[in-house]
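Engineer: Dropping the structure in here first, questions after.
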Amino acid sequence: MAHATSNRHSFIKVAAFPIAAAVVSILACSDPVVPPPKAGVASTIGPGPMAPSIGCGINRQVVMADTGSAITGCNDNLGCMGDPDNGPSVENNSGSNFVDCSVTQSGNNFAVSALMKVGSGADAGSITLSGTFVPLDKKKPAPQEADVPGTVRAVFVRADTGGFTSTDCTAWYTNDRVSPQTSTTLNGNMGVAAGRFWATVICPTAKFNDPTSSAHQACQGVATIKLENCNQGGG
C-alpha cells in the first residue's frame with residue numbers, strides 16, 4: 001500500500017507541471033492592455049481676418065472645447081525629454097469627456113482622424129479633425145506648416161452656439177493661436193508620429209452649420225490639439 005501511495009503522489013506532482021505551463025502560455029499569448037486615447041485641446045471660434053468681408057456674427061472669441069491641460073508642455077513620445085506627466089488631461093470615456101482618434105502612417109506622411117468632446121451642459125464643446133500631416137523638421141525655422149495643403153477639415157461645436165465647419169484649414173507647429181501661419185516661434189516638441197499628433201490648426205472661414213440662418217455666416221476657428229495613444233491601424 002505504501003508503494004501505491006508513493007506512485008500516486010508522484011503522478012500528481014508530474015501532472016501539475018503541464019497545467020502550470022499551459023496557464024503561463026495562455027497568459028503570455030494574451031493581448032497587451034491598450035491604453036485609452038488621450039487628448040489636450042484648446043479651441044476657439046470668433047472674428048478673424050476674413051470676418052469683415054464674410055461676417056462672423058460673433059464679436060468675441062468663444063471657447064469651443066478646452067481641456068485645461070498643459071498643452072504647451074512636453075510630450076516624450078514626440079521627442080521631448082521633459083516631464084512625462086505634463087501632457088493631455090482628457091482620457092477617453094473619463095466623466096463626460098470622449099476621445100476617439102487614429103494616426104496612421106501613409107508613406108512619409110500621417111493620416112489623422114479625431115473626435116474630442118469636452119464638458120457637459122451649455123459649456124460642452126467638441127472638435128472633429130481630419131487631414132494628412134507631415135512630420136516636424138527641426139532643422140527648418142518657423143513658420144513650419146504641418147499639413148499637406150488642401151487635406152485638413154475641422155468641425156467646431158458648442159452646445160449654445162451651434163457648429164462651424166471648415167474645409168480650408170491649415171496646421172502649424174507652433175503654440176501661437178493668434179497668427180500661427182506667420183509665427184516665428186516654433187515648438188520643437190510638436191509633430192506627428194504613429195498614434196500621436198500635436199499641432200495648431202487654423203480655419204479662417206469656418207461656416208455656420210445651419211444653412212437657413214443668416215447669422216454666424218463664417219468665423220475663424222483655431223485649435224491647438226495634442227493626441228496620444230491613438231489607433232495606428234494595421235489591426
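A note on labels: chains of the C-alpha cells are A, B, ... as shown, every chain counts residues from 1, and ligands are counted from 1 in their shown order.
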Can you tell me which residues surround Ser126 of chain A at a distance of at most 7 Å, considering only C-alpha atoms, apart from same-chain residues fewer than 6 positions away, and format the answer as an MDAnalysis selection string?
Structural biologist: chainID A and resid 64:65 116:118 156:158
Engineer: One decimal, Å: what's the distance from atom CA of Asp147 of chain A over to atom CA of Gly221 of chain A, could you say?
Structural biologist: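 Answer for the atom CA of Asp147 of chain A to atom CA of Gly221 of chain A separation: 16.2 Å.
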Engineer: Could you name the residues that touch Val103 of chain A at 12 Å or less, counting only C-alpha atoms, but leaving out those on the same chain fewer than 6 positions away, as a tab-separated table (two decimals) with N, CA and C atoms, in the first residue's frame?
Structural biologist:
```
chain	number	residue	atom	x	y	z
A	37	PRO	N	-7.18	56.35	-25.65
A	37	PRO	CA	-6.75	57.60	-26.29
A	37	PRO	C	-6.81	58.76	-25.30
A	109	ASN	N	3.98	60.52	-44.78
A	109	ASN	CA	3.01	61.36	-44.08
A	109	ASN	C	2.13	60.53	-43.16
A	110	PHE	N	1.21	61.24	-42.45
A	110	PHE	CA	0.34	60.56	-41.50
A	110	PHE	C	-1.10	61.07	-41.65
A	111	ALA	N	-2.03	60.14	-41.70
A	111	ALA	CA	-3.45	60.48	-41.76
A	111	ALA	C	-3.99	60.56	-40.35
A	112	VAL	N	-4.60	61.70	-40.02
A	112	VAL	CA	-5.12	61.93	-38.67
A	112	VAL	C	-6.64	62.06	-38.74
A	113	SER	N	-7.32	61.37	-37.84
A	113	SER	CA	-8.76	61.50	-37.69
A	113	SER	C	-9.06	61.49	-36.21
A	114	ALA	N	-9.79	62.51	-35.73
A	114	ALA	CA	-10.00	62.61	-34.29
A	114	ALA	C	-11.32	63.29	-33.96
A	129	LEU	N	-11.47	66.57	-36.28
A	129	LEU	CA	-10.36	66.92	-37.17
A	129	LEU	C	-10.03	65.76	-38.08
A	130	SER	N	-9.75	66.05	-39.34
A	130	SER	CA	-9.23	65.04	-40.25
A	130	SER	C	-8.27	65.71	-41.22
A	131	GLY	N	-7.28	64.96	-41.67
A	131	GLY	CA	-6.33	65.53	-42.61
A	131	GLY	C	-5.07	64.68	-42.72
A	132	THR	N	-4.18	65.11	-43.59
A	132	THR	CA	-2.89	64.44	-43.78
A	132	THR	C	-1.80	65.41	-43.36
A	133	PHE	N	-0.85	64.91	-42.56
A	133	PHE	CA	0.14	65.78	-41.94
A	133	PHE	C	1.56	65.26	-42.18
A	134	VAL	N	2.50	66.19	-42.15
A	134	VAL	CA	3.91	65.87	-42.38
A	134	VAL	C	4.67	66.01	-41.07
A	191	GLY	N	4.68	67.67	-33.41
A	191	GLY	CA	4.97	66.76	-34.50
A	191	GLY	C	3.87	65.75	-34.70
A	192	VAL	N	4.13	64.78	-35.55
A	192	VAL	CA	3.19	63.69	-35.80
A	192	VAL	C	3.99	62.40	-35.96
A	193	ALA	N	3.46	61.33	-35.40
A	193	ALA	CA	4.06	60.01	-35.49
A	193	ALA	C	2.92	59.01	-35.34
A	194	ALA	N	3.20	57.75	-35.58
A	194	ALA	CA	2.15	56.74	-35.49
A	194	ALA	C	1.49	56.77	-34.11
A	195	GLY	N	0.19	57.04	-34.09
A	195	GLY	CA	-0.56	57.07	-32.84
A	195	GLY	C	-0.52	58.38	-32.10
A	196	ARG	N	0.22	59.41	-32.62
A	196	ARG	CA	0.40	60.66	-31.87
A	196	ARG	C	0.38	61.86	-32.82
A	197	PHE	N	-0.09	63.00	-32.29
A	197	PHE	CA	-0.18	64.21	-33.11
A	197	PHE	C	-0.22	65.41	-32.19
A	198	TRP	N	0.44	66.51	-32.60
A	198	TRP	CA	0.42	67.74	-31.82
A	198	TRP	C	0.72	68.91	-32.74
A	226	LYS	N	-3.42	68.13	-29.07
A	226	LYS	CA	-2.41	67.11	-28.78
A	226	LYS	C	-3.13	65.77	-28.59
A	227	LEU	N	-2.71	64.76	-29.31
A	227	LEU	CA	-3.32	63.43	-29.24
A	227	LEU	C	-2.27	62.39	-28.90
A	228	GLU	N	-2.66	61.42	-28.07
A	228	GLU	CA	-1.77	60.31	-27.73
A	228	GLU	C	-2.57	59.01	-27.69
A	229	ASN	N	-1.89	57.91	-27.84
A	229	ASN	CA	-2.47	56.57	-27.75
A	229	ASN	C	-3.58	56.34	-28.78
A	230	CYS	N	-3.45	56.97	-29.94
A	230	CYS	CA	-4.46	56.81	-30.97
A	230	CYS	C	-4.26	55.49	-31.72
A	231	ASN	N	-5.31	55.04	-32.38
A	231	ASN	CA	-5.23	53.84	-33.21
A	231	ASN	C	-4.20	54.06	-34.30
A	232	GLN	N	-3.32	53.09	-34.50
A	232	GLN	CA	-2.27	53.21	-35.52
A	232	GLN	C	-2.57	52.42	-36.78
A	233	GLY	N	-3.76	51.77	-36.80
A	233	GLY	CA	-4.12	50.96	-37.95
A	233	GLY	C	-3.39	49.62	-37.92
A	234	GLY	N	-3.67	48.82	-38.90
A	234	GLY	CA	-3.00	47.54	-39.02
A	234	GLY	C	-3.45	46.48	-38.06
```
Engineer: Do you know which residues are at most 8 Å from Ile58 of chain A counting only C-alpha atoms, after dropping those on the same chain fewer than 3 positions away, and could you put them as a list in words?
Structural biologist: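 Residues meeting the cut-off are Gly46, Pro47, Gln61, His216 and Cys219 of chain A.
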Engineer: So that I can see what lies close to segment 186-190 of chain A, please list as a list in words the residues with an atom at most 6 Å from it, counting only C-alpha atoms and leaving out residues fewer than 2 positions away in the same chain.
Structural biologist: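 The contact residues come out as Cys80, Ala142, Tyr173, Thr174 and Trp198 of chain A.
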Engineer: Go ahead and compute the interatomic distance for atom CA of Thr205 of chain A and atom CA of Val41 of chain A, in Å to one decimal.
Structural biologist: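 The value is 19.9 Å.
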Engineer: Of the candidates A:Thr104, A:Pro36, A:Val201, A:Cys56, which one gets nearest to Thr128 of chain A if we count only C-alpha atoms?
Structural biologist: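 Nearest candidate to Thr128 of chain A out of A:Thr104, A:Pro36, A:Val201, A:Cys56: A:Val201.
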Engineer: What is the atom CA of Asp168 of chain A to atom CA of Asp210 of chain A distance in Å?
Structural biologist: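 A separation of 18.4 Å between them.
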Engineer: Using only C-alpha atoms, pick whichever of A:Arg177, A:Val34, A:Gly121, A:Ile225 has the shortest atom-to-atom distance to Gly48 of chain A.
Structural biologist: A:Arg177
Engineer: Smallest atom-to-atom distance to Gln144 of chain A: which of A:Asn209, A:Gln181, A:Ser102, A:Ser96, using only C-alpha atoms?
Structural biologist: A:Gln181
Engineer: Measuring between only C-alpha atoms, which one of A:Val99, A:Val63, A:Ile202, A:Val152 shows the shortest distance to Pro49 of chain A?
Structural biologist: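 Nearest candidate to Pro49 of chain A out of A:Val99, A:Val63, A:Ile202, A:Val152: A:Ile202.
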